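Novice: File query19.txt below, compact mmCIF, C-alpha atoms:
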```txt
# COMPACT_ATOMS: atom_id res chain seq x y z
CA MET O 193 32.24 -40.59 -6.74
CA ALA O 194 29.43 -39.27 -8.77
CA MET O 195 29.88 -35.91 -10.40
CA THR O 196 28.21 -33.15 -8.44
CA MET O 197 27.36 -29.51 -8.81
CA HIS O 198 26.55 -26.78 -6.37
CA VAL O 199 22.91 -25.80 -6.03
CA ASP O 200 21.57 -22.62 -4.49
CA ILE O 201 17.90 -21.92 -4.08
CA VAL O 202 17.32 -18.41 -2.83
CA SER O 203 14.39 -16.06 -2.58
CA ALA O 204 14.55 -12.34 -1.93
CA GLU O 205 13.48 -12.87 1.64
CA ALA O 206 15.48 -15.91 2.64
CA GLU O 207 17.98 -18.54 1.58
CA ILE O 208 16.08 -21.75 0.98
CA PHE O 209 18.70 -24.33 0.08
CA SER O 210 22.40 -24.50 -0.53
CA GLY O 211 24.32 -27.69 -1.15
CA THR O 212 25.63 -30.18 -3.67
CA ALA O 213 23.58 -32.33 -5.97
CA THR O 214 23.91 -34.80 -8.78
CA MET O 215 20.74 -33.78 -10.51
CA VAL O 216 18.24 -30.95 -10.37
CA PHE O 217 14.74 -30.92 -11.77
CA ALA O 218 13.00 -27.61 -12.30
CA PRO O 219 9.67 -26.55 -13.82
CA ALA O 220 10.94 -24.33 -16.63
CA GLU O 221 8.52 -22.36 -18.71
CA MET O 222 9.03 -24.58 -21.74
CA GLY O 223 8.64 -27.77 -19.75
CA GLU O 224 10.27 -29.65 -16.94
CA LEU O 225 14.07 -29.55 -17.05
CA GLY O 226 16.48 -32.08 -15.65
CA ILE O 227 19.94 -30.66 -15.13
CA ALA O 228 23.02 -32.77 -14.62
CA PRO O 229 26.51 -31.45 -13.80
CA ARG O 230 28.39 -29.85 -16.73
CA HIS O 231 25.21 -28.67 -18.32
CA THR O 232 25.85 -25.78 -20.65
CA GLN O 233 25.04 -22.24 -19.55
CA LEU O 234 21.31 -21.73 -19.50
CA LEU O 235 19.00 -19.00 -18.34
CA THR O 236 15.29 -19.63 -18.15
CA ARG O 237 12.16 -18.59 -16.38
CA LEU O 238 10.39 -20.94 -14.04
CA LYS O 239 6.73 -21.69 -13.68
CA PRO O 240 5.18 -22.21 -10.28
CA GLY O 241 5.96 -25.77 -9.29
CA GLU O 242 8.36 -28.09 -7.63
CA VAL O 243 12.15 -27.96 -7.74
CA ARG O 244 13.67 -31.30 -6.88
CA VAL O 245 17.27 -31.76 -5.84
CA LEU O 246 18.92 -35.17 -5.93
CA ASP O 247 22.02 -35.43 -3.74
CA GLU O 248 24.96 -37.86 -3.84
CA LYS O 249 23.27 -40.31 -1.54
CA GLY O 250 20.33 -40.52 -3.83
CA ASP O 251 18.03 -38.65 -1.47
CA GLU O 252 15.60 -36.31 -3.07
CA GLN O 253 14.53 -33.00 -1.60
CA SER O 254 11.80 -30.95 -3.10
CA PHE O 255 10.97 -27.28 -2.79
CA TYR O 256 7.99 -25.37 -4.00
CA VAL O 257 8.71 -22.23 -5.98
CA SER O 258 6.08 -19.82 -7.19
CA GLY O 259 8.09 -18.97 -10.26
CA GLY O 260 11.45 -17.31 -10.73
CA ILE O 261 14.61 -17.59 -12.75
CA LEU O 262 16.94 -20.54 -13.19
CA GLU O 263 20.57 -19.97 -14.02
CA VAL O 264 22.79 -22.86 -14.96
CA GLN O 265 26.57 -22.76 -15.11
CA PRO O 266 28.52 -26.00 -15.67
CA HIS O 267 29.06 -26.55 -11.95
CA VAL O 268 26.64 -24.15 -10.34
CA VAL O 269 22.87 -24.08 -10.50
CA THR O 270 21.07 -21.08 -9.07
CA VAL O 271 17.34 -20.86 -8.57
CA LEU O 272 16.18 -17.30 -7.95
CA SER O 273 12.77 -18.00 -6.55
CA ASP O 274 9.93 -15.52 -6.37
CA THR O 275 8.19 -15.05 -3.08
CA ALA O 276 4.90 -14.03 -4.55
CA LEU O 277 2.78 -15.26 -7.37
CA ARG O 278 3.53 -12.99 -10.28
CA ALA O 279 1.11 -12.25 -13.01
CA LYS O 280 1.09 -9.30 -15.32
CA ASP O 281 -2.36 -8.09 -14.35
CA ILE O 282 -1.66 -8.40 -10.62
CA ASP O 283 1.52 -6.35 -11.03
CA GLU O 284 -0.39 -3.86 -13.11
CA ALA O 285 -3.06 -3.48 -10.45
CA ALA O 286 -0.45 -2.98 -7.75
CA ALA O 287 1.25 -0.32 -9.85
CA LEU O 288 -2.02 1.44 -10.43
CA GLN O 289 -2.76 1.45 -6.74
CA ALA O 290 0.62 2.97 -5.92
CA LYS O 291 -0.01 5.66 -8.50
CA GLU O 292 -3.47 6.44 -7.23
CA GLN O 293 -2.22 6.81 -3.70
CA ALA O 294 0.39 9.25 -4.86
CA GLU O 295 -2.16 11.25 -6.83
CA LYS O 296 -4.45 11.43 -3.84
CA LEU O 297 -1.58 12.66 -1.77
CA LEU O 298 -0.58 15.32 -4.22
CA ALA O 299 -4.07 16.60 -4.95
CA ASP O 300 -3.34 19.90 -3.30
CA ASN O 301 0.32 20.22 -3.92
CA GLN O 302 2.61 22.23 -6.10
CA SER O 303 5.20 20.15 -7.84
CA ASP O 304 7.97 22.70 -7.67
CA ILE O 305 10.42 22.41 -4.85
CA ASP O 306 11.81 25.51 -3.31
CA TYR O 307 15.24 24.01 -2.74
CA ALA O 308 16.59 26.96 -0.81
CA LYS O 309 13.72 26.86 1.63
CA ALA O 310 13.81 23.09 1.99
CA GLN O 311 17.51 23.04 2.65
CA LEU O 312 17.18 25.82 5.18
CA GLU O 313 14.54 23.85 7.04
CA LEU O 314 16.66 20.73 7.04
CA ALA O 315 19.70 22.63 8.19
CA GLU O 316 17.63 23.98 11.04
CA ALA O 317 16.47 20.54 12.06
CA VAL O 318 20.01 19.20 11.93
CA ALA O 319 21.25 22.14 13.96
CA GLN O 320 18.61 21.42 16.57
CA LEU O 321 19.69 17.82 16.78
CA ARG O 322 23.30 18.85 17.06
CA ALA O 323 22.48 21.29 19.83
CA ILE O 324 20.69 18.57 21.75
CA GLN O 325 23.73 16.36 21.31
CA LYS O 326 26.00 19.12 22.64
CA ILE O 327 23.80 19.69 25.66
CA ARG O 328 23.91 16.01 26.38
CA ASP O 329 27.68 15.84 26.04
CA LYS O 330 28.06 18.81 28.34
CA SER O 331 25.89 17.28 31.01
CA GLY O 332 28.66 14.75 31.32
CA ARG O 333 27.48 11.50 29.75
CA MET Q 196 3.58 18.25 54.54
CA ALA Q 197 2.72 20.67 51.78
CA VAL Q 198 6.29 21.44 50.79
CA GLY Q 199 7.26 21.02 47.17
CA LYS Q 200 4.03 19.55 45.93
CA GLU Q 201 4.66 20.87 42.43
CA ILE Q 202 8.12 19.37 42.40
CA ARG Q 203 6.77 16.02 43.50
CA THR Q 204 4.18 15.90 40.75
CA LYS Q 205 6.81 16.91 38.24
CA ILE Q 206 9.08 14.09 39.35
CA LYS Q 207 6.18 11.66 39.08
CA SER Q 208 5.38 12.74 35.55
CA ILE Q 209 8.99 12.52 34.42
CA GLN Q 210 9.22 9.09 35.95
CA SER Q 211 6.27 7.86 33.94
CA THR Q 212 7.73 9.41 30.79
CA ARG Q 213 10.93 7.57 31.47
CA LYS Q 214 9.00 4.34 31.76
CA ILE Q 215 7.58 4.88 28.30
CA THR Q 216 10.88 5.78 26.66
CA LYS Q 217 12.52 2.83 28.36
CA ALA Q 218 9.85 0.50 27.01
CA MET Q 219 10.21 1.97 23.52
CA GLU Q 220 13.95 1.50 23.74
CA MET Q 221 13.56 -2.17 24.54
CA VAL Q 222 10.95 -2.74 21.86
CA ALA Q 223 13.20 -1.05 19.31
CA ALA Q 224 16.14 -3.17 20.40
CA SER Q 225 14.27 -6.41 19.86
CA LYS Q 226 12.82 -5.21 16.55
CA MET Q 227 16.27 -4.17 15.44
CA ARG Q 228 17.61 -7.66 16.01
CA LYS Q 229 14.81 -9.12 13.93
CA ALA Q 230 15.41 -6.58 11.18
CA GLN Q 231 19.09 -7.45 11.20
CA ASP Q 232 18.24 -11.11 10.77
CA ARG Q 233 16.04 -10.24 7.81
CA MET Q 234 18.85 -8.15 6.40
CA ALA Q 235 21.16 -11.13 6.57
CA ALA Q 236 18.49 -13.31 4.95
CA THR Q 237 18.20 -11.05 1.90
CA ARG Q 238 21.93 -11.04 1.20
CA PRO Q 239 22.25 -14.42 -0.58
CA TYR Q 240 19.59 -13.52 -3.14
CA ALA Q 241 21.13 -10.17 -3.97
CA GLU Q 242 24.56 -11.76 -4.18
CA LYS Q 243 23.41 -14.53 -6.52
CA MET Q 244 21.52 -11.99 -8.57
CA ARG Q 245 24.66 -9.90 -8.93
CA ASN Q 246 26.59 -12.95 -10.07
CA VAL Q 247 24.04 -13.71 -12.74
CA ILE Q 248 24.03 -10.10 -13.93
CA ALA Q 249 27.83 -10.10 -14.04
CA HIS Q 250 27.68 -13.26 -16.14
CA LEU Q 251 25.15 -11.60 -18.35
CA TYR Q 252 27.56 -8.74 -18.99
CA GLN Q 253 30.24 -11.19 -20.03
CA ALA Q 254 27.91 -13.30 -22.05
CA HIS Q 255 27.29 -10.74 -24.80
CA PRO Q 256 23.73 -11.71 -25.57
CA GLU Q 257 22.33 -10.87 -28.98
CA TYR Q 258 19.69 -8.77 -27.25
CA LYS Q 259 20.85 -5.66 -25.40
CA HIS Q 260 18.33 -4.73 -22.74
CA PRO Q 261 17.51 -1.02 -22.28
CA TYR Q 262 18.36 -1.38 -18.59
CA LEU Q 263 21.96 -1.95 -19.59
CA ILE Q 264 22.27 1.00 -21.96
CA GLU Q 265 23.26 4.46 -20.84
CA ARG Q 266 21.15 7.19 -22.46
CA ASP Q 267 20.87 10.98 -22.44
CA VAL Q 268 19.34 12.15 -19.20
CA LYS Q 269 16.42 14.53 -19.12
CA ARG Q 270 14.65 13.28 -16.06
CA VAL Q 271 15.68 11.06 -13.19
CA GLY Q 272 13.60 8.88 -10.92
CA VAL Q 273 14.33 8.27 -7.28
CA ILE Q 274 12.88 5.56 -5.10
CA LEU Q 275 13.03 7.00 -1.61
CA ILE Q 276 12.72 4.73 1.40
CA THR Q 277 11.82 6.37 4.69
CA SER Q 278 10.31 5.26 7.96
CA ASP Q 279 6.63 5.39 8.80
CA ARG Q 280 7.10 6.67 12.33
CA GLY Q 281 9.15 9.34 13.96
CA LEU Q 282 11.03 9.41 17.25
CA CYS Q 283 14.11 8.07 15.57
CA GLY Q 284 16.53 10.97 15.84
CA GLY Q 285 17.85 12.55 12.66
CA LEU Q 286 17.43 9.45 10.55
CA ASN Q 287 14.95 10.74 7.99
CA ILE Q 288 16.25 14.28 8.08
CA ASN Q 289 19.75 13.19 7.15
CA LEU Q 290 18.29 11.15 4.32
CA PHE Q 291 16.27 14.09 2.96
CA LYS Q 292 19.32 16.26 3.18
CA LYS Q 293 21.38 13.86 1.15
CA LEU Q 294 18.64 13.52 -1.45
CA LEU Q 295 17.98 17.24 -1.71
CA VAL Q 296 21.63 18.04 -2.30
CA ASN Q 297 21.59 15.60 -5.18
CA MET Q 298 18.24 16.80 -6.51
CA LYS Q 299 19.52 20.33 -6.51
CA GLY Q 300 22.60 19.20 -8.39
CA TRP Q 301 20.39 17.48 -10.97
CA ARG Q 302 18.21 20.52 -11.34
CA ASP Q 303 21.30 22.64 -11.95
CA SER Q 304 22.17 20.39 -14.85
CA GLY Q 305 18.61 20.65 -16.10
CA TRP Q 306 17.26 17.29 -14.90
CA GLU Q 307 13.94 17.08 -13.15
CA THR Q 308 13.20 14.47 -10.53
CA ASP Q 309 10.30 12.05 -10.12
CA LEU Q 310 9.88 10.41 -6.76
CA ALA Q 311 8.47 7.11 -5.62
CA VAL Q 312 8.21 7.18 -1.87
CA PHE Q 313 7.98 4.44 0.72
CA GLY Q 314 7.07 5.44 4.26
CA SER Q 315 4.82 8.22 5.49
CA LYS Q 316 7.67 10.41 6.72
CA GLY Q 317 8.94 10.88 3.20
CA ASN Q 318 5.43 11.50 1.95
CA GLN Q 319 4.71 14.15 4.53
CA TYR Q 320 7.99 15.87 3.89
CA PHE Q 321 7.72 16.04 0.12
CA LYS Q 322 4.07 16.91 0.34
CA ARG Q 323 5.03 19.90 2.43
CA ILE Q 324 8.01 21.17 0.47
CA GLY Q 325 6.68 20.07 -2.92
CA GLY Q 326 8.09 17.53 -5.34
CA ARG Q 327 6.66 15.24 -7.94
CA ILE Q 328 5.65 12.03 -6.25
CA VAL Q 329 4.49 9.58 -8.89
CA ALA Q 330 3.94 6.59 -6.64
CA GLN Q 331 3.90 5.82 -2.98
CA ALA Q 332 3.25 3.13 -0.43
CA THR Q 333 3.01 3.55 3.31
CA HIS Q 334 2.36 1.52 6.43
CA LEU Q 335 3.95 -1.65 5.24
CA GLY Q 336 4.48 -2.76 8.82
CA ASP Q 337 7.55 -4.18 10.45
CA THR Q 338 7.91 -7.07 8.05
CA PRO Q 339 7.39 -5.80 4.54
CA GLY Q 340 7.29 -8.48 1.89
CA LEU Q 341 8.67 -8.18 -1.58
CA ASN Q 342 5.15 -8.15 -2.97
CA ASP Q 343 4.41 -4.97 -1.01
CA LEU Q 344 6.78 -3.03 -3.20
CA ILE Q 345 6.19 -4.57 -6.59
CA GLY Q 346 3.55 -2.00 -7.54
CA THR Q 347 5.53 1.07 -6.62
CA VAL Q 348 8.69 -0.19 -8.23
CA LYS Q 349 6.76 -1.10 -11.36
CA VAL Q 350 5.57 2.48 -11.74
CA MET Q 351 9.19 3.57 -11.92
CA LEU Q 352 10.24 0.74 -14.21
CA ASP Q 353 7.37 1.54 -16.56
CA ALA Q 354 8.41 5.17 -16.56
CA TYR Q 355 11.91 4.07 -17.47
CA ASP Q 356 10.65 1.76 -20.20
CA GLU Q 357 8.54 4.51 -21.71
CA GLY Q 358 11.40 6.98 -21.57
CA ARG Q 359 9.81 9.31 -19.04
CA ILE Q 360 12.84 8.90 -16.83
CA ASP Q 361 16.33 8.10 -18.01
CA ARG Q 362 17.93 7.11 -14.77
CA LEU Q 363 16.68 5.50 -11.61
CA TYR Q 364 18.17 5.81 -8.16
CA VAL Q 365 17.30 4.36 -4.81
CA CYS Q 366 17.84 6.34 -1.63
CA TYR Q 367 17.83 4.82 1.86
CA ASN Q 368 19.78 4.52 5.08
CA ASP Q 369 22.53 1.96 5.06
CA PHE Q 370 22.99 0.05 8.29
CA VAL Q 371 26.64 0.34 9.27
CA ASN Q 372 26.19 -0.54 12.92
CA THR Q 373 23.86 0.28 15.77
CA MET Q 374 25.32 3.73 16.27
CA THR Q 375 25.91 4.63 12.64
CA GLN Q 376 23.45 4.86 9.79
CA GLN Q 377 24.66 6.15 6.49
CA PRO Q 378 22.22 7.73 4.04
CA ILE Q 379 23.09 6.52 0.57
CA LEU Q 380 21.91 7.11 -2.95
CA THR Q 381 22.75 4.44 -5.50
CA GLN Q 382 22.01 4.12 -9.16
CA LEU Q 383 19.71 1.29 -10.13
CA LEU Q 384 19.20 1.93 -13.80
CA PRO Q 385 20.91 1.76 -16.15
CA ILE Q 386 22.65 -0.97 -14.23
CA PRO Q 387 26.22 0.14 -13.66
CA PRO Q 388 28.54 -2.43 -15.25
CA ALA Q 389 30.26 -4.76 -12.83
CA GLU Q 390 34.00 -4.43 -12.87
CA GLU Q 391 34.93 -7.83 -14.15
CA LYS Q 392 37.89 -8.79 -16.19
CA GLU Q 393 37.18 -9.58 -19.81
CA LEU Q 394 37.13 -13.29 -20.37
CA GLU Q 395 39.15 -14.90 -23.12
CA HIS Q 396 36.39 -16.86 -24.69
CA HIS Q 397 33.02 -15.40 -25.42
CA TRP Q 398 30.01 -17.44 -24.54
CA ASP Q 399 26.33 -16.94 -24.19
CA TYR Q 400 23.54 -18.59 -22.32
CA ILE Q 401 20.90 -20.71 -23.89
CA TYR Q 402 17.75 -18.76 -23.29
CA GLU Q 403 14.41 -20.36 -22.83
CA PRO Q 404 11.97 -19.30 -24.12
CA GLU Q 405 13.71 -16.22 -25.59
CA SER Q 406 16.52 -13.99 -24.47
CA LYS Q 407 14.33 -10.89 -24.30
CA GLN Q 408 11.71 -12.39 -22.01
CA VAL Q 409 14.23 -14.04 -19.75
CA ILE Q 410 16.43 -10.98 -19.40
CA ASP Q 411 13.40 -8.73 -18.87
CA GLY Q 412 12.23 -10.92 -16.02
CA LEU Q 413 15.67 -11.17 -14.54
CA LEU Q 414 16.45 -7.46 -14.55
CA MET Q 415 13.05 -6.57 -13.15
CA ARG Q 416 13.66 -8.93 -10.26
CA TYR Q 417 17.13 -7.54 -9.82
CA VAL Q 418 15.83 -4.02 -9.36
CA GLU Q 419 13.10 -5.22 -7.03
CA SER Q 420 15.54 -7.16 -4.92
CA LEU Q 421 17.78 -4.11 -4.57
CA VAL Q 422 14.84 -1.99 -3.48
CA TYR Q 423 13.74 -4.68 -1.07
CA GLN Q 424 17.22 -4.84 0.38
CA GLY Q 425 17.17 -1.07 0.84
CA MET Q 426 13.84 -1.38 2.54
CA VAL Q 427 15.08 -3.95 5.02
CA GLU Q 428 18.29 -2.01 5.68
CA ASN Q 429 16.32 1.13 6.28
CA GLN Q 430 14.12 -0.67 8.73
CA ALA Q 431 17.08 -1.93 10.72
CA CYS Q 432 18.38 1.64 10.71
CA GLU Q 433 15.06 3.00 11.92
CA GLN Q 434 14.97 0.65 14.87
CA ALA Q 435 18.61 1.26 15.72
CA ALA Q 436 18.14 5.02 15.57
CA ARG Q 437 15.02 4.81 17.67
CA MET Q 438 16.76 2.66 20.22
CA VAL Q 439 19.58 5.19 20.56
CA ALA Q 440 17.18 8.14 20.68
CA MET Q 441 15.03 6.50 23.33
CA LYS Q 442 18.06 5.51 25.34
CA SER Q 443 19.24 9.09 25.49
CA ALA Q 444 15.71 10.23 26.33
CA SER Q 445 15.61 7.80 29.26
CA ASP Q 446 19.05 8.97 30.40
CA ASN Q 447 17.95 12.58 30.22
CA ALA Q 448 14.85 11.81 32.22
CA GLY Q 449 17.07 10.20 34.84
CA THR Q 450 19.23 13.32 35.15
CA LEU Q 451 16.17 15.53 35.36
CA ILE Q 452 14.72 13.41 38.13
CA ASP Q 453 18.00 13.53 40.08
CA GLU Q 454 18.15 17.30 39.81
CA LEU Q 455 14.55 17.76 40.83
CA GLN Q 456 14.99 15.37 43.71
CA LEU Q 457 17.86 17.50 44.97
CA VAL Q 458 15.80 20.67 44.75
CA TYR Q 459 12.94 18.94 46.51
CA ASN Q 460 15.13 17.68 49.36
CA LYS Q 461 16.61 21.13 49.87
CA ALA Q 462 13.19 22.71 49.99
CA ARG Q 463 11.99 20.10 52.43
CA GLN Q 464 14.97 20.58 54.70
CA ALA Q 465 14.59 24.35 54.59
CA ALA Q 466 10.96 24.00 55.60
CA ILE Q 467 11.84 21.74 58.55
CA THR Q 468 14.59 24.06 59.71
CA GLN Q 469 12.23 26.97 59.53
CA GLU Q 470 9.58 25.16 61.51
CA ILE Q 471 12.04 24.20 64.25
CA SER Q 472 13.35 27.71 64.52
CA GLU Q 473 9.79 28.98 64.77
CA ILE Q 474 9.02 26.56 67.59
CA VAL Q 475 12.26 27.37 69.40
CA SER Q 476 11.76 31.12 69.12
CA GLY Q 477 8.14 30.65 70.19
CA ALA Q 478 9.24 28.71 73.29
CA ALA Q 479 11.85 31.36 74.11
CA ALA Q 480 9.20 34.05 73.96
CA VAL Q 481 6.97 32.31 76.53
```
Can you dump the structure from the file as structure tokens?

Specialist:
Amino acid sequence: MAMTMHVDIVSAEAEIFSGTATMVFAPAEMGELGIAPRHTQLLTRLKPGEVRVLDEKGDEQSFYVSGGILEVQPHVVTVLSDTALRAKDIDEAAALQAKEQAEKLLADNQSDIDYAKAQLELAEAVAQLRAIQKIRDKSGR
Amino acid sequence: MAVGKEIRTKIKSIQSTRKITKAMEMVAASKMRKAQDRMAATRPYAEKMRNVIAHLYQAHPEYKHPYLIERDVKRVGVILITSDRGLCGGLNINLFKKLLVNMKGWRDSGWETDLAVFGSKGNQYFKRIGGRIVAQATHLGDTPGLNDLIGTVKVMLDAYDEGRIDRLYVCYNDFVNTMTQQPILTQLLPIPPAEEKELEHHWDYIYEPESKQVIDGLLMRYVESLVYQGMVENQACEQAARMVAMKSASDNAGTLIDELQLVYNKARQAAITQEISEIVSGAAAV
């Protein structure tokens, strides 16, 4: 029997592939990598491209990844795939937008929390909820 | 018959309210199931990520990432995940309570708090009571993607990189089961070391292109995936809480209707009795 290794391809939103393989090809940042079982430990970033998995029967399955991280242990290969195209300027723009929204929100706001007051309000709300619960329990359900 | 007209309209209106709450209950139930599925789908990634990070701890790389190093705390950052809509019982309130207790504790030890908020409930609340919100995102819908939170998380990571905050937490509701949602606050950065036994032999990865870039990318994704997981959990919690709240609202409406119906029947019977006695006494008088 050919030597095999376990391959997991996962993204943050779903598991894409999990199974055994005799060979994995991945688009690493420094160039396409072919990984056979008992490869030494390796950690690398992936470029957008195709990950191909070759199983024992010689069938090839391919998956598109839009980048991510590849971790190699002698008998386990893990592809942590991104779900979105990542580029520094896109991330930057998204961050800026989140900041702007917050600034807009806080335009007329003091940044000091009156903890005593806030906790009092919360306690009140919780007490209300509890009272409702009690009333419900009493009404026999 | 003019008896009990007010009562009848009241019953009608409660009935239509019950229809609405019933519908909301069912919608929440189906959304909850979907959210639970998504929750299950995010688990493998987080698990694999944790494995890799645990390996990284054992691997002793030549480059120690700032995310792994504990430093003196002057300011903490919190990523708070709340729901966009209300009518979900005490879900958000319990979360705020948990967070405020901690924030107060931090203030007592001289640490200020920066907030990054997801969900309009959290925004409204901290806008009202005050608090430094440095980033926010709302109305991400029922199926938020990871790319919806990249920006907001990046604000916090940048703040951490630049030393404006020295610790980062995430605060959300943990889905225990349909009836129970647990507000939790966990530390994201510096990444708490995994409790792994020390290995005999020391090894390190081969990094391509360079350890710094690879580890940077990895840890950033790790934090994002944890936040995303919190987001999905919180969503399942929101739907579960709403389902329970709407169920009790429908039940309450049912009881109200029963009670009103009783009052109405009594009034009706009293009116009939009165009418009969009037006729009878009228006939006797003739």

Novice: Separation of atom CA of O:Ala204 and atom CA of Q:Glu419, in Å?

Specialist: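 So the answer is 8.9 Å.
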
Novice: Define the interface residues of chain O facing chain Q as those within 8 Å, counting only C-alpha atoms, and report them as an MDAnalysis selection string.

Specialist: chainID O and resid 202:207 221:222 232:237 261 263 270 272 275:276 283:295 297:298 301:307 310:311 314 317:318 321 328

Novice: What is the distance between atom CA of Q:Asn372 and atom CA of Q:Ser445, in Å to one decimal?

Specialist: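 Taking atom CA of Q:Asn372 and atom CA of Q:Ser445, their separation equals 21.2 Å.
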
Novice: Find the residues near O:Gly250: any atom within 10 Å, counting only C-alpha atoms, skip ones fewer than 5 places away on the same chain, and give them as a list in words.

Specialist: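 Everything that qualifies: Ala213, Thr214, Met215 and Val245 of chain O.
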
Novice: Output as lines of an AutoDock Vina configuration file the centre and edge lengths (Å, one decimal) of the box along x, y and z of the file that holds every listed atom of stretch 212-229 of chain O after adding 4 Å on each side.

Specialist:
```
center_x = 17.5
center_y = -28.6
center_z = -12.7
size_x = 26.0
size_y = 20.4
size_z = 26.1
```

Novice: I'd like to know which of O:Glu316, O:Asp200, O:Asp329, O:Asp274 is closest to O:Val216, using all atoms listed in the file.

Specialist: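 Once distances to O:Val216 are computed over all atoms listed in the file, the minimum belongs to O:Asp200.
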
Novice: Within 7 Å of (31.4, -24.6, -10.1), in the coordinates the file gives, what residues turn up when you count all atoms listed in the file, written out as a PyMOL selection string?

Specialist: chain O and resi 197-198+266-268

Novice: For Q:Asp369, which residue out of Q:Lys407, Q:Ala444, Q:Ile276, Q:Asp337 is the nearest one, using all atoms listed in the file?

Specialist: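 Using all atoms listed in the file, the shortest distance to Q:Asp369 belongs to Q:Ile276.
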